$ cat final_39.txt   # compact mmCIF, N, CA and C atoms
# COMPACT_ATOMS: atom_id res chain seq x y z
N GLN J 16 105.99 83.02 12.88
CA GLN J 16 107.05 83.69 13.59
C GLN J 16 106.47 84.76 14.50
N ALA J 17 105.44 85.45 14.10
CA ALA J 17 104.84 86.50 14.92
C ALA J 17 104.22 85.91 16.18
N GLU J 18 103.70 84.69 16.10
CA GLU J 18 103.09 84.04 17.25
C GLU J 18 104.13 83.59 18.27
N ASN J 19 105.32 83.19 17.80
CA ASN J 19 106.42 82.73 18.64
C ASN J 19 105.97 81.61 19.59
N PRO J 20 105.59 80.45 19.04
CA PRO J 20 105.06 79.36 19.86
C PRO J 20 106.07 78.75 20.83
N MET J 21 107.34 79.01 20.65
CA MET J 21 108.36 78.44 21.53
C MET J 21 108.83 79.42 22.61
N ALA J 22 108.20 80.58 22.71
CA ALA J 22 108.65 81.62 23.63
C ALA J 22 108.64 81.16 25.09
N ASP J 23 107.70 80.32 25.47
CA ASP J 23 107.64 79.89 26.86
C ASP J 23 108.78 78.94 27.25
N LEU J 24 109.54 78.46 26.27
CA LEU J 24 110.70 77.60 26.56
C LEU J 24 111.97 78.40 26.82
N MET J 25 111.98 79.65 26.44
CA MET J 25 113.20 80.45 26.50
C MET J 25 113.81 80.60 27.90
N PRO J 26 113.04 80.58 28.99
CA PRO J 26 113.70 80.62 30.30
C PRO J 26 114.52 79.37 30.62
N TYR J 27 114.32 78.30 29.85
CA TYR J 27 114.97 77.03 30.13
C TYR J 27 116.12 76.69 29.19
N VAL J 28 116.32 77.51 28.17
CA VAL J 28 117.41 77.29 27.21
C VAL J 28 118.13 78.61 26.96
N THR J 29 119.36 78.50 26.50
CA THR J 29 120.11 79.70 26.13
C THR J 29 119.78 80.10 24.71
N ALA J 30 119.59 79.11 23.84
CA ALA J 30 119.24 79.36 22.44
C ALA J 30 118.48 78.17 21.90
N LEU J 31 117.65 78.42 20.91
CA LEU J 31 116.88 77.37 20.25
C LEU J 31 116.86 77.67 18.76
N ASP J 32 117.30 76.70 17.97
CA ASP J 32 117.35 76.86 16.53
C ASP J 32 116.58 75.70 15.90
N VAL J 33 115.67 76.00 15.00
CA VAL J 33 114.90 74.97 14.30
C VAL J 33 115.17 75.10 12.81
N ALA J 34 115.52 73.97 12.18
CA ALA J 34 115.82 73.95 10.76
C ALA J 34 115.04 72.84 10.08
N THR J 35 114.74 73.04 8.82
CA THR J 35 114.07 72.03 8.01
C THR J 35 115.11 71.14 7.37
N ILE J 36 114.95 69.83 7.57
CA ILE J 36 115.84 68.86 6.93
C ILE J 36 115.25 68.46 5.58
N ASP J 37 113.97 68.12 5.58
CA ASP J 37 113.23 67.86 4.35
C ASP J 37 111.76 68.14 4.67
N ALA J 38 110.87 67.80 3.75
CA ALA J 38 109.45 68.14 3.92
C ALA J 38 108.82 67.49 5.15
N ASP J 39 109.39 66.39 5.61
CA ASP J 39 108.81 65.66 6.73
C ASP J 39 109.62 65.73 8.02
N THR J 40 110.78 66.39 8.00
CA THR J 40 111.68 66.33 9.14
C THR J 40 112.19 67.71 9.54
N LEU J 41 112.16 67.97 10.84
CA LEU J 41 112.74 69.18 11.41
C LEU J 41 113.88 68.78 12.33
N ARG J 42 114.86 69.67 12.47
CA ARG J 42 115.92 69.48 13.45
C ARG J 42 115.92 70.68 14.37
N ALA J 43 115.75 70.42 15.65
CA ALA J 43 115.78 71.47 16.66
C ALA J 43 117.03 71.28 17.51
N THR J 44 117.81 72.33 17.61
CA THR J 44 119.00 72.30 18.44
C THR J 44 118.85 73.34 19.53
N PHE J 45 118.93 72.90 20.77
CA PHE J 45 118.86 73.87 21.85
C PHE J 45 120.15 73.86 22.65
N THR J 46 120.52 75.05 23.09
CA THR J 46 121.70 75.20 23.94
C THR J 46 121.21 75.20 25.37
N SER J 47 121.68 74.23 26.12
CA SER J 47 121.22 74.07 27.49
C SER J 47 121.80 75.13 28.40
N ARG J 48 121.08 75.42 29.46
CA ARG J 48 121.58 76.37 30.46
C ARG J 48 122.47 75.62 31.44
N PRO J 49 123.70 76.05 31.64
CA PRO J 49 124.63 75.35 32.53
C PRO J 49 124.10 75.19 33.96
N ASP J 50 123.39 76.18 34.45
CA ASP J 50 122.87 76.10 35.81
C ASP J 50 121.78 75.04 35.97
N LEU J 51 121.14 74.65 34.88
CA LEU J 51 120.11 73.61 34.94
C LEU J 51 120.66 72.22 34.69
N LEU J 52 121.92 72.13 34.27
CA LEU J 52 122.54 70.83 34.02
C LEU J 52 123.04 70.17 35.30
N ASN J 53 123.24 70.91 36.34
CA ASN J 53 123.90 70.39 37.53
C ASN J 53 123.11 69.32 38.28
N ALA J 54 121.93 69.63 38.73
CA ALA J 54 121.21 68.74 39.64
C ALA J 54 120.65 67.48 38.95
N LYS J 55 119.75 67.68 38.03
CA LYS J 55 119.09 66.55 37.38
C LYS J 55 119.27 66.67 35.87
N ARG J 56 120.48 66.47 35.44
CA ARG J 56 120.87 66.68 34.05
C ARG J 56 120.00 65.89 33.08
N ASP J 57 119.87 64.59 33.29
CA ASP J 57 119.11 63.75 32.36
C ASP J 57 117.65 64.16 32.29
N GLU J 58 117.04 64.43 33.43
CA GLU J 58 115.64 64.83 33.45
C GLU J 58 115.44 66.15 32.70
N TYR J 59 116.35 67.09 32.92
CA TYR J 59 116.27 68.38 32.23
C TYR J 59 116.41 68.21 30.72
N LEU J 60 117.45 67.52 30.28
CA LEU J 60 117.70 67.36 28.85
C LEU J 60 116.57 66.61 28.16
N CYS J 61 116.15 65.50 28.74
CA CYS J 61 115.09 64.68 28.12
C CYS J 61 113.75 65.40 28.15
N GLY J 62 113.46 66.07 29.26
CA GLY J 62 112.21 66.82 29.36
C GLY J 62 112.15 67.95 28.34
N MET J 63 113.25 68.67 28.18
CA MET J 63 113.28 69.75 27.19
C MET J 63 113.15 69.20 25.77
N ALA J 64 113.85 68.11 25.47
CA ALA J 64 113.77 67.52 24.14
C ALA J 64 112.34 67.09 23.82
N LEU J 65 111.70 66.47 24.78
CA LEU J 65 110.33 66.01 24.60
C LEU J 65 109.38 67.18 24.40
N ARG J 66 109.53 68.22 25.21
CA ARG J 66 108.67 69.40 25.10
C ARG J 66 108.86 70.11 23.76
N ILE J 67 110.09 70.25 23.33
CA ILE J 67 110.36 70.89 22.04
C ILE J 67 109.73 70.09 20.91
N ALA J 68 109.90 68.78 20.93
CA ALA J 68 109.30 67.93 19.88
C ALA J 68 107.78 68.03 19.89
N ARG J 69 107.17 67.98 21.07
CA ARG J 69 105.71 68.09 21.14
C ARG J 69 105.22 69.41 20.57
N ASP J 70 105.89 70.49 20.92
CA ASP J 70 105.49 71.81 20.42
C ASP J 70 105.63 71.90 18.90
N LEU J 71 106.70 71.33 18.36
CA LEU J 71 106.88 71.37 16.91
C LEU J 71 105.88 70.50 16.19
N PHE J 72 105.57 69.33 16.74
CA PHE J 72 104.54 68.49 16.13
C PHE J 72 103.18 69.18 16.16
N ALA J 73 102.90 69.92 17.22
CA ALA J 73 101.63 70.63 17.31
C ALA J 73 101.55 71.78 16.32
N ALA J 74 102.68 72.40 16.01
CA ALA J 74 102.69 73.58 15.15
C ALA J 74 102.79 73.25 13.66
N LEU J 75 103.45 72.12 13.33
CA LEU J 75 103.72 71.83 11.93
C LEU J 75 103.40 70.37 11.59
N PRO J 76 102.96 70.10 10.36
CA PRO J 76 102.59 68.73 9.97
C PRO J 76 103.78 67.89 9.50
N VAL J 77 104.79 67.78 10.33
CA VAL J 77 105.96 66.97 9.99
C VAL J 77 105.81 65.58 10.59
N LEU J 78 106.60 64.64 10.10
CA LEU J 78 106.54 63.26 10.59
C LEU J 78 107.63 62.93 11.59
N GLN J 79 108.71 63.73 11.60
CA GLN J 79 109.84 63.46 12.49
C GLN J 79 110.45 64.77 12.97
N VAL J 80 110.84 64.77 14.25
CA VAL J 80 111.58 65.90 14.81
C VAL J 80 112.82 65.33 15.48
N ASP J 81 113.98 65.79 15.02
CA ASP J 81 115.25 65.42 15.63
C ASP J 81 115.63 66.54 16.59
N VAL J 82 115.96 66.18 17.82
CA VAL J 82 116.32 67.19 18.82
C VAL J 82 117.74 66.93 19.29
N ILE J 83 118.52 68.00 19.32
CA ILE J 83 119.90 67.93 19.80
C ILE J 83 120.05 68.95 20.92
N ALA J 84 120.57 68.49 22.05
CA ALA J 84 120.89 69.38 23.16
C ALA J 84 122.39 69.58 23.17
N ALA J 85 122.81 70.83 23.25
CA ALA J 85 124.24 71.12 23.17
C ALA J 85 124.63 72.18 24.19
N GLN J 86 125.92 72.26 24.41
CA GLN J 86 126.51 73.30 25.27
C GLN J 86 127.95 73.45 24.81
N ALA J 87 128.35 74.66 24.49
CA ALA J 87 129.71 74.93 24.03
C ALA J 87 130.10 73.99 22.88
N GLU J 88 129.20 73.85 21.91
CA GLU J 88 129.41 73.03 20.72
C GLU J 88 129.65 71.55 21.01
N GLN J 89 129.26 71.09 22.17
CA GLN J 89 129.34 69.67 22.52
C GLN J 89 127.92 69.15 22.70
N SER J 90 127.61 68.05 22.04
CA SER J 90 126.27 67.48 22.11
C SER J 90 126.10 66.67 23.39
N PHE J 91 125.00 66.94 24.10
CA PHE J 91 124.67 66.20 25.31
C PHE J 91 123.62 65.14 25.04
N LEU J 92 122.77 65.38 24.06
CA LEU J 92 121.65 64.48 23.78
C LEU J 92 121.28 64.61 22.32
N THR J 93 121.01 63.47 21.69
CA THR J 93 120.50 63.44 20.33
C THR J 93 119.37 62.41 20.31
N VAL J 94 118.21 62.83 19.83
CA VAL J 94 117.07 61.92 19.78
C VAL J 94 116.16 62.28 18.61
N SER J 95 115.57 61.26 18.01
CA SER J 95 114.61 61.45 16.92
C SER J 95 113.24 60.98 17.40
N PHE J 96 112.28 61.88 17.33
CA PHE J 96 110.90 61.56 17.70
C PHE J 96 110.08 61.45 16.42
N THR J 97 109.21 60.45 16.37
CA THR J 97 108.30 60.33 15.23
C THR J 97 106.90 60.69 15.69
N ARG J 98 106.14 61.22 14.77
CA ARG J 98 104.76 61.59 15.10
C ARG J 98 103.97 60.35 15.54
N SER J 99 104.19 59.22 14.88
CA SER J 99 103.42 58.02 15.23
C SER J 99 103.72 57.57 16.66
N ALA J 100 104.97 57.64 17.09
CA ALA J 100 105.30 57.27 18.47
C ALA J 100 104.71 58.26 19.46
N MET J 101 104.77 59.54 19.14
CA MET J 101 104.26 60.57 20.04
C MET J 101 102.74 60.48 20.18
N ASN J 102 102.04 60.09 19.12
CA ASN J 102 100.59 59.98 19.18
C ASN J 102 100.10 58.86 20.09
N LYS J 103 100.96 57.91 20.40
CA LYS J 103 100.58 56.76 21.22
C LYS J 103 100.83 56.98 22.72
N VAL J 104 101.44 58.09 23.08
CA VAL J 104 101.90 58.30 24.45
C VAL J 104 100.90 59.11 25.27
N ARG J 105 100.70 58.68 26.50
CA ARG J 105 99.94 59.46 27.48
C ARG J 105 100.98 60.17 28.35
N PHE J 106 101.26 61.41 28.01
CA PHE J 106 102.40 62.12 28.58
C PHE J 106 102.32 62.32 30.09
N ALA J 107 101.15 62.31 30.66
CA ALA J 107 101.03 62.47 32.11
C ALA J 107 101.58 61.25 32.85
N PHE J 108 101.78 60.14 32.15
CA PHE J 108 102.16 58.90 32.81
C PHE J 108 103.52 58.35 32.37
N ILE J 109 104.35 59.16 31.75
CA ILE J 109 105.64 58.65 31.30
C ILE J 109 106.79 59.31 32.04
N ASP J 110 107.92 58.63 32.02
CA ASP J 110 109.18 59.19 32.51
C ASP J 110 109.91 59.68 31.26
N PRO J 111 110.21 60.98 31.16
CA PRO J 111 110.86 61.50 29.95
C PRO J 111 112.17 60.80 29.61
N VAL J 112 112.95 60.43 30.61
CA VAL J 112 114.23 59.77 30.36
C VAL J 112 114.00 58.41 29.72
N ASP J 113 113.06 57.64 30.24
CA ASP J 113 112.75 56.33 29.66
C ASP J 113 112.22 56.47 28.23
N PHE J 114 111.33 57.44 28.02
CA PHE J 114 110.76 57.61 26.69
C PHE J 114 111.83 58.00 25.67
N VAL J 115 112.73 58.90 26.05
CA VAL J 115 113.81 59.30 25.14
C VAL J 115 114.68 58.10 24.81
N GLU J 116 114.97 57.26 25.79
CA GLU J 116 115.75 56.05 25.52
C GLU J 116 115.02 55.12 24.56
N LYS J 117 113.70 54.98 24.72
CA LYS J 117 112.92 54.13 23.81
C LYS J 117 112.91 54.68 22.39
N CYS J 118 113.06 56.00 22.26
CA CYS J 118 113.11 56.64 20.94
C CYS J 118 114.51 56.62 20.36
N GLY J 119 115.45 55.98 21.05
CA GLY J 119 116.81 55.87 20.54
C GLY J 119 117.71 57.02 20.94
N GLY J 120 117.31 57.79 21.93
CA GLY J 120 118.11 58.93 22.36
C GLY J 120 119.46 58.49 22.91
N THR J 121 120.48 59.25 22.58
CA THR J 121 121.82 58.95 23.09
C THR J 121 122.30 60.11 23.94
N ARG J 122 122.86 59.78 25.09
CA ARG J 122 123.42 60.76 26.01
C ARG J 122 124.82 60.33 26.37
N PRO J 123 125.69 61.27 26.74
CA PRO J 123 127.03 60.88 27.15
C PRO J 123 126.98 60.10 28.46
N LYS J 124 127.98 59.30 28.67
CA LYS J 124 128.10 58.53 29.92
C LYS J 124 128.34 59.48 31.09
N GLU J 125 128.01 59.03 32.29
CA GLU J 125 128.15 59.87 33.48
C GLU J 125 129.57 60.34 33.70
N ASP J 126 130.58 59.55 33.27
CA ASP J 126 131.95 59.95 33.51
C ASP J 126 132.52 60.82 32.38
N CYS J 127 131.68 61.19 31.43
CA CYS J 127 132.08 62.07 30.34
C CYS J 127 132.41 63.45 30.93
N PRO J 128 133.43 64.13 30.42
CA PRO J 128 133.78 65.46 30.93
C PRO J 128 132.62 66.46 30.91
N CYS J 129 131.69 66.30 29.97
CA CYS J 129 130.58 67.26 29.89
C CYS J 129 129.63 67.09 31.06
N SER J 130 129.64 65.94 31.73
CA SER J 130 128.73 65.77 32.87
C SER J 130 129.20 66.57 34.07
N ALA J 131 130.41 67.11 34.03
CA ALA J 131 130.92 67.92 35.13
C ALA J 131 130.52 69.38 35.00
N ILE J 132 129.93 69.76 33.88
CA ILE J 132 129.56 71.16 33.66
C ILE J 132 128.42 71.53 34.57
$ encode --input "final_39.txt" --output "structure tokens"
Amino acid sequence: QAENPMADLMPYVTALDVATIDADTLRATFTSRPDLLNAKRDEYLCGMALRIARDLFAALPVLQVDVIAAQAEQSFLTVSFTRSAMNKVRFAFIDPVDFVEKCGGTRPKEDCPCSAI
């Protein structure tokens, strides 16, 4: 906690909460910034989810990180990352949106009311 490894993410989120589900699983919930949702919503949400998962895998020996992106208690994105999948990726060469979809990430449809935020 004194090191605060997630501090560099704070300009991109309103809040970040990490909880232990069990010995091998963490759940990170971040509150997205409304001003960053407007232009490239999917890229922002997926990029943040991926970055949060990578940072948590680097800091703790867990096998799975579940990431939830929310705003006003409405979920925009839910995805589960596994350490084994993350270890196989060359991050400089991936599209975060595609990778999140491959990990089973779910996002609301474009015509969902939350996409107007």
$ select_by_dssp --input "final_39.txt" --residues "chain J" --states "helix (DSSP H, G or I)" --output "number ranges by chain"
J: 22-27, 49-52, 56-74, 98-102, 106-108, 111-117, 128-131
$ residues_around --input "final_39.txt" --residues "stretch 45-62 of chain J" --least-positions-apart "6" --cutoff "10 Å" --atoms "only C-alpha atoms" --output "number ranges by chain"
J: 25-33, 68, 82-94, 110-116, 120, 122-123, 125, 129-132
$ atom_distance --input "final_39.txt" --atom1 "atom CA of J:Thr121" --atom2 "atom CA of J:Ser95"
9.8 Å
$ atom_distance --input "final_39.txt" --atom1 "atom CA of J:Leu65" --atom2 "atom CA of J:Lys117"
12.2 Å
$ closest_residue --input "final_39.txt" --among "J:Cys118, J:Leu24, J:Ala107, J:Ile36" --to "J:Arg66" --atoms "only C-alpha atoms"
J:Leu24
$ select_by_dssp --input "final_39.txt" --residues "stretch 80-123 of chain J" --states "strand (DSSP E or B)" --output "list in words"
Val80, Asp81, Val82, Ile83, Ala84, Ala85, Gln86, Gln89, Ser90, Phe91, Leu92, Thr93, Val94, Ser95, Phe96, Thr97 and Thr121 of chain J
$ atom_distance --input "final_39.txt" --atom1 "atom C of J:Ala38" --atom2 "atom CA of J:Ile109"
27.8 Å
$ residues_around --input "final_39.txt" --residues "J:Val80" --least-positions-apart "4" --cutoff "7 Å" --atoms "only C-alpha atoms" --output "PyMOL selection string"
chain J and resi 40-42+68+95-97
